[in-house]
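Undergrad: Data: target-v6.cif, mmCIF, C-alpha atoms.
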```cif
data_model
#
loop_
_atom_site.label_atom_id
_atom_site.label_comp_id
_atom_site.auth_asym_id
_atom_site.auth_seq_id
_atom_site.Cartn_x
_atom_site.Cartn_y
_atom_site.Cartn_z
CA MET A 152 149.46 94.86 164.45
CA ARG A 153 151.52 95.31 167.57
CA LEU A 154 151.49 98.62 169.45
CA LEU A 155 153.23 100.08 172.47
CA PHE A 156 151.17 102.47 174.58
CA ALA A 157 152.92 104.52 177.27
CA GLU A 158 150.78 106.78 179.46
CA ASP A 159 151.27 107.48 183.17
CA GLU A 160 147.61 108.34 183.86
CA LYS A 161 146.38 104.90 184.98
CA ASP A 162 142.70 105.22 184.09
CA LEU A 163 143.44 106.59 180.63
CA ASN A 164 146.07 103.89 180.13
CA ARG A 165 143.59 101.16 181.04
CA ILE A 166 140.75 102.54 178.91
CA LEU A 167 142.81 103.12 175.78
CA THR A 168 144.65 99.81 176.09
CA GLN A 169 141.28 98.05 176.24
CA THR A 170 139.94 100.10 173.31
CA LEU A 171 142.95 99.36 171.11
CA THR A 172 142.82 95.68 172.02
CA GLU A 173 139.13 95.52 171.08
CA GLU A 174 140.07 97.08 167.73
CA GLY A 175 142.31 94.08 167.08
CA TYR A 176 145.71 95.46 168.03
CA SER A 177 148.16 93.57 170.19
CA VAL A 178 149.07 96.12 172.88
CA ASP A 179 151.91 96.32 175.37
CA SER A 180 151.28 99.14 177.84
CA CYS A 181 153.37 100.81 180.52
CA LEU A 182 153.25 103.80 182.88
CA ASP A 183 156.68 105.43 182.60
CA GLY A 184 159.18 106.46 179.97
CA GLU A 185 162.06 104.26 181.01
CA GLU A 186 159.94 101.12 180.73
CA ALA A 187 158.61 102.34 177.37
CA LEU A 188 162.14 102.65 176.01
CA ASP A 189 162.97 99.16 177.29
CA TYR A 190 159.96 97.80 175.38
CA LEU A 191 160.98 99.62 172.20
CA LEU A 192 164.53 98.29 172.42
CA SER A 193 163.43 94.68 172.98
CA ALA A 194 160.59 94.14 170.50
CA GLU A 195 159.48 95.17 167.02
CA TYR A 196 156.37 97.36 166.98
CA ASP A 197 154.19 98.62 164.14
CA GLY A 198 153.65 101.84 166.07
CA ALA A 199 154.02 103.47 169.50
CA ILE A 200 151.73 105.93 171.27
CA LEU A 201 153.67 107.96 173.83
CA ASP A 202 152.57 110.52 176.36
CA VAL A 203 155.05 113.39 176.39
CA MET A 204 155.07 114.07 180.14
CA MET A 205 155.93 110.82 181.93
CA PRO A 206 158.03 109.96 184.98
CA ARG A 207 161.64 108.73 184.69
CA LYS A 208 161.89 109.67 180.99
CA ASP A 209 159.66 111.92 178.92
CA GLY A 210 158.41 111.19 175.43
CA PHE A 211 160.90 113.55 173.80
CA GLU A 212 163.81 111.73 175.45
CA ILE A 213 162.44 108.35 174.35
CA VAL A 214 162.18 109.35 170.70
CA LYS A 215 165.59 111.01 170.72
CA GLU A 216 167.25 107.86 172.14
CA MET A 217 165.42 105.35 169.95
CA ARG A 218 166.08 107.31 166.77
CA ALA A 219 169.76 107.56 167.74
CA LYS A 220 169.80 103.75 167.97
CA GLY A 221 168.25 103.41 164.52
CA ILE A 222 164.78 102.31 165.68
CA ARG A 223 162.29 103.62 163.11
CA THR A 224 159.03 102.62 164.85
CA PRO A 225 156.35 105.22 163.93
CA ILE A 226 155.51 107.43 166.92
CA LEU A 227 152.32 109.26 167.88
CA PHE A 228 152.65 111.72 170.75
CA LEU A 229 149.75 112.29 173.14
CA THR A 230 150.09 115.40 175.25
CA ALA A 231 148.31 118.26 176.98
CA ARG A 232 151.12 120.55 175.83
CA ASP A 233 149.64 122.23 172.78
CA SER A 234 152.14 124.95 171.97
CA ILE A 235 153.45 125.09 168.41
CA ALA A 236 157.01 125.03 169.77
CA ASP A 237 156.35 121.70 171.55
CA ARG A 238 154.79 120.17 168.46
CA VAL A 239 157.62 121.31 166.22
CA HIS A 240 160.19 120.01 168.72
CA GLY A 241 158.53 116.58 168.88
CA LEU A 242 158.28 116.26 165.11
CA ASP A 243 161.85 117.43 164.63
CA LEU A 244 163.05 114.72 167.03
CA GLY A 245 161.48 112.10 164.79
CA ALA A 246 157.85 111.68 165.87
CA ASN A 247 155.33 111.03 163.09
CA ASP A 248 152.22 112.61 164.57
CA TYR A 249 151.00 114.68 167.51
CA LEU A 250 147.56 114.54 169.18
CA VAL A 251 146.63 117.09 171.83
CA LYS A 252 144.52 116.13 174.87
CA PRO A 253 141.58 116.05 175.21
CA PHE A 254 140.84 114.07 172.05
CA SER A 255 138.10 111.79 170.74
CA ILE A 256 138.58 108.04 170.61
CA GLU A 257 137.53 108.10 166.95
CA GLU A 258 140.29 110.55 166.06
CA LEU A 259 142.88 108.56 168.00
CA LEU A 260 141.94 105.36 166.17
CA ALA A 261 142.11 107.15 162.81
CA ARG A 262 145.56 108.53 163.69
CA VAL A 263 146.72 105.04 164.73
CA ARG A 264 145.49 103.55 161.44
CA ALA A 265 147.44 106.19 159.53
CA LEU A 266 150.47 105.68 161.76
CA THR A 267 150.59 101.92 161.25
CA ARG A 268 150.07 102.22 157.50
CA SER A 269 153.32 104.19 157.40
CA SER A 270 155.12 101.00 158.52
CA TYR A 271 154.41 99.47 155.13
CA THR A 272 154.83 100.46 151.52
CA SER A 273 151.06 100.57 150.98
CA ARG A 274 149.26 103.76 152.00
CA SER A 275 145.82 102.37 151.16
CA SER A 276 143.35 101.21 153.77
CA VAL A 277 142.23 98.34 151.52
CA LEU A 278 144.55 95.37 151.00
CA THR A 279 143.95 92.85 148.22
CA ALA A 280 145.25 89.44 147.21
CA ALA A 281 143.55 87.63 144.31
CA ASP A 282 139.80 87.89 145.11
CA LEU A 283 140.44 88.55 148.81
CA SER A 284 140.10 92.08 150.18
CA LEU A 285 140.61 93.47 153.68
CA ASP A 286 139.48 96.95 154.67
CA LEU A 287 141.57 98.24 157.58
CA THR A 288 139.21 101.14 158.27
CA ALA A 289 135.88 99.29 158.13
CA HIS A 290 137.37 96.10 159.62
CA THR A 291 135.75 93.98 156.93
CA VAL A 292 137.03 91.04 154.86
CA ARG A 293 135.57 89.71 151.62
CA ARG A 294 136.46 86.72 149.44
CA ALA A 295 134.96 86.65 145.95
CA GLY A 296 132.57 89.35 147.14
CA HIS A 297 131.34 87.35 150.13
CA LEU A 298 131.63 88.96 153.57
CA ILE A 299 133.71 86.86 155.98
CA ASP A 300 133.32 87.21 159.74
CA LEU A 301 136.66 87.20 161.59
CA THR A 302 137.53 87.65 165.25
CA ALA A 303 139.80 90.57 166.17
CA LYS A 304 142.83 88.28 166.42
CA GLU A 305 142.04 86.54 163.12
CA PHE A 306 141.69 89.95 161.47
CA ALA A 307 145.05 91.08 162.89
CA LEU A 308 146.76 87.90 161.66
CA LEU A 309 145.26 88.14 158.17
CA SER A 310 146.21 91.82 157.98
CA TYR A 311 149.82 90.97 158.87
CA LEU A 312 149.94 88.20 156.25
CA MET A 313 148.46 90.49 153.58
CA HIS A 314 150.85 93.32 154.35
CA ASN A 315 153.66 90.80 153.80
CA GLN A 316 152.19 88.71 150.99
CA ASN A 317 154.63 86.43 149.15
CA ILE A 318 157.02 86.76 152.11
CA VAL A 319 157.60 83.75 154.37
CA LEU A 320 156.95 84.66 158.01
CA SER A 321 158.26 82.45 160.80
CA ARG A 322 155.97 81.40 163.63
CA GLU A 323 158.12 83.43 166.02
CA LYS A 324 157.81 86.58 163.91
CA ILE A 325 154.05 86.18 163.60
CA GLU A 326 153.68 85.59 167.34
CA ASP A 327 155.84 88.63 168.15
CA HIS A 328 153.61 90.86 166.00
CA ILE A 329 150.19 89.54 166.94
CA TRP A 330 150.53 88.67 170.62
CA ASN A 331 151.94 90.89 173.37
CA PHE A 332 154.37 90.15 176.20
CA ASP A 333 151.53 89.19 178.55
CA TYR A 334 150.33 86.31 176.36
CA GLU A 335 150.41 83.00 178.24
CA GLY A 336 148.72 80.70 175.75
CA GLY A 337 149.99 77.52 174.12
CA THR A 338 153.12 77.33 172.02
CA ASN A 339 151.10 76.29 168.94
CA VAL A 340 148.88 79.38 168.98
CA VAL A 341 150.05 80.49 165.51
CA ASP A 342 149.23 77.10 163.99
CA VAL A 343 145.80 77.16 165.62
CA TYR A 344 144.92 80.58 164.23
CA ILE A 345 146.29 79.72 160.79
CA ARG A 346 143.85 76.77 160.77
CA TYR A 347 141.01 79.10 161.76
CA LEU A 348 141.89 81.47 158.92
CA ARG A 349 142.26 78.72 156.34
CA LYS A 350 138.79 77.41 157.17
CA LYS A 351 137.28 80.87 156.68
CA ILE A 352 139.48 82.28 153.89
CA ASP A 353 140.49 79.29 151.74
CA GLU A 354 137.90 76.56 152.29
CA GLY A 355 135.67 76.45 149.21
CA TYR A 356 137.76 78.99 147.28
CA GLU A 357 140.55 78.85 144.70
CA PRO A 358 143.40 79.58 144.70
CA LYS A 359 144.44 78.59 148.24
CA LEU A 360 146.17 81.71 149.53
CA ILE A 361 147.59 80.71 152.92
CA GLN A 362 150.60 78.46 152.34
CA THR A 363 152.81 76.47 154.73
CA VAL A 364 156.57 76.55 154.15
CA ARG A 365 157.79 73.45 155.97
CA GLY A 366 160.31 74.10 158.69
CA VAL A 367 160.01 77.86 158.25
CA GLY A 368 156.52 79.25 158.70
CA TYR A 369 153.63 80.62 156.66
CA MET A 370 152.93 83.07 153.87
CA LEU A 371 149.99 84.47 151.98
CA LYS A 372 150.86 83.63 148.38
CA CYS A 373 149.44 85.63 145.51
CA GLU A 374 150.72 85.79 141.92
CA ASP A 375 149.63 89.40 141.56
CA LYS A 376 151.63 91.06 144.34
CA GLY A 377 149.72 94.31 144.45
CA GLY A 378 148.99 94.17 148.16
CA ALA A 379 146.58 97.10 148.03
CA SER A 380 144.17 98.89 145.77
#
```
Here is a file; write its structure as structure tokens.
TA:
Amino acid sequence: MRLLFAEDEKDLNRILTQTLTEEGYSVDSCLDGEEALDYLLSAEYDGAILDVMMPRKDGFEIVKEMRAKGIRTPILFLTARDSIADRVHGLDLGANDYLVKPFSIEELLARVRALTRSSYTSRSSVLTAADLSLDLTAHTVRRAGHLIDLTAKEFALLSYLMHNQNIVLSREKIEDHIWNFDYEGGTNVVDVYIRYLRKKIDEGYEPKLIQTVRGVGYMLKCEDKGGAS
């Protein structure tokens, strides 16, 4: 899933961007509110983590402007301001959650998982398609009961396909969600990772879940469109 992280404290920004990336998220990060709003207006994110007190534009202003423009990206505020009035104000503006500094990395990651689940109809942490299951919390994947080892990027791609099963996703849409603005790889990166996933997810199993729609893109096809258990 693709996240925006805006925090003007450079060390914290670097550490949390690295942590989120290692958890499999595609992360765009910035150090001020005006740049954060530019990111939110130019790309589709599964969630945004915003510091409240930032230069050029604070988190409250960002949420107020993006909600006025109809952007529904789920928002988690990070802030040292812990008054009830501040929290109520942020939530009333349209934020989804509020985490007060200092906080534990484990709690932040749990809040992010909950935040990104709100982008989809499923509220479960376990996604299913046929005999394939993906646990968003444990970061595990099983096919017919067998544990499958995926890289962070493969896990992110499979998660995106499973959240949108039976929906055709273009290469451009997949790339926009899984890779950030800083990506400088080859233009066929989506095709390459789809091949990786097929080898691990479909090879030796039936039915074949990852389907190519010629001239359009890819989809994870499943007759029973539950999506989650």
Undergrad: Written as a ChimeraX atom specification, what is the full residue list that the PyMOL selection byres ((chain A and resi 158) around 6) yields on the file shown?
TA: /A:157,159-160,164,182,202
Undergrad: State, in Å with one decimal place, the distance from atom CA of Lys252 of chain A to atom CA of Thr230 of chain A.
TA: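 We find that atom CA of Lys252 of chain A and atom CA of Thr230 of chain A lie 5.6 Å from each other.
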Undergrad: Please report, as AutoDock Vina command-line options, the centre and edge lengths in Å to one decimal of an axis-aligned box covering all listed atoms of segment 353-357 of chain A with 4 Å per side.
TA:
```
--center_x 138.1 --center_y 77.9 --center_z 148.5 --size_x 12.9 --size_y 10.8 --size_z 15.6
```
Undergrad: Kindly indicate which residue among A:Ile361, A:Met204, A:Ala307, A:Cys373 lies nearest to Arg153 of chain A, using only C-alpha atoms for the distances.
TA: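 Nearest candidate to Arg153 of chain A out of A:Ile361, A:Met204, A:Ala307, A:Cys373: A:Ala307.
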Undergrad: I would like the residues chosen by the PyMOL selection byres ((chain A and resi 262) around 12) on the shown file; could you give them as an NGL selection string?
TA: :A and (198-200 or 225-229 or 247-251 or 254-261 or 263-269 or 288)
Undergrad: Between A:Asp327, A:Asp243, A:Asp342, A:Glu354, which one has atoms that come closest to Ile299 of chain A, using all atoms listed in the file?
TA: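 Nearest candidate to Ile299 of chain A out of A:Asp327, A:Asp243, A:Asp342, A:Glu354: A:Glu354.
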Undergrad: Would you work out the distance separating atom CA of Ile213 of chain A from atom CA of Leu188 of chain A, expressed in Å to one decimal?
TA: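 Answer for the atom CA of Ile213 of chain A to atom CA of Leu188 of chain A separation: 5.9 Å.
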Undergrad: Apply the PyMOL selection byres ((chain A and resi 167) around 10) to the file shown and report the selected residues as a PyMOL selection string.
TA: chain A and resi 156+158+162-166+168-173+178+180+256+259-260
Undergrad: Dig up all the protein and nucleic acid residues within 10 Å of (142.1, 85.4, 163.7) in the file frame, using all atoms listed in the file, and format them as a list in words.
TA: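 Counting all atoms listed in the file, I find these residues within 10 Å of (142.1, 85.4, 163.7): Gly175, Asp300, Leu301, Thr302, Ala303, Lys304, Glu305, Phe306, Ala307, Leu308, Leu309, Ser310, Ile329, Val341, Val343, Tyr344, Ile345, Arg346, Tyr347, Leu348, Arg349 and Lys351 of chain A.
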Undergrad: Taking 6 positions as the minimum chain separation for residues in the same chain, which residues sit within 7 Å of Gln316 of chain A when counting all atoms listed in the file? Answer as JSON, numbers by chain.
TA: {"A": [370, 371, 372, 373, 378]}
Undergrad: Between A:His290, A:Tyr190, A:Glu212, A:Val364, which residue has the minimum interatomic distance to Ser321 of chain A, considering all atoms listed in the file?
TA: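 Going through A:His290, A:Tyr190, A:Glu212, A:Val364 one by one, the smallest distance to Ser321 of chain A is for A:Val364.
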Undergrad: Go ahead and compute the interatomic distance for atom CA of Leu155 of chain A and atom CA of Lys208 of chain A, in Å to one decimal.
TA: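 Separation between atom CA of Leu155 of chain A and atom CA of Lys208 of chain A: 15.5 Å.
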Undergrad: Using only C-alpha atoms, can you tell me which of A:Gly245, A:Ile235, A:Tyr311, A:Gln362 comes closest to Gly221 of chain A?
TA: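 Among A:Gly245, A:Ile235, A:Tyr311, A:Gln362, it is A:Gly245 that comes nearest to Gly221 of chain A.
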Undergrad: Taking only C-alpha atoms into account, which of A:Ser276, A:Thr363, A:Thr291, A:Ser177 comes nearest Ile318 of chain A?
TA: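 Ranked by minimum distance to Ile318 of chain A, first place goes to A:Thr363.
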Undergrad: Pick the closest to Ala246 of chain A from A:Met217, A:Leu360, A:Ala231, A:Val277: which is it, counting all atoms listed in the file?
TA: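 The answer is A:Met217, which sits nearest to Ala246 of chain A.
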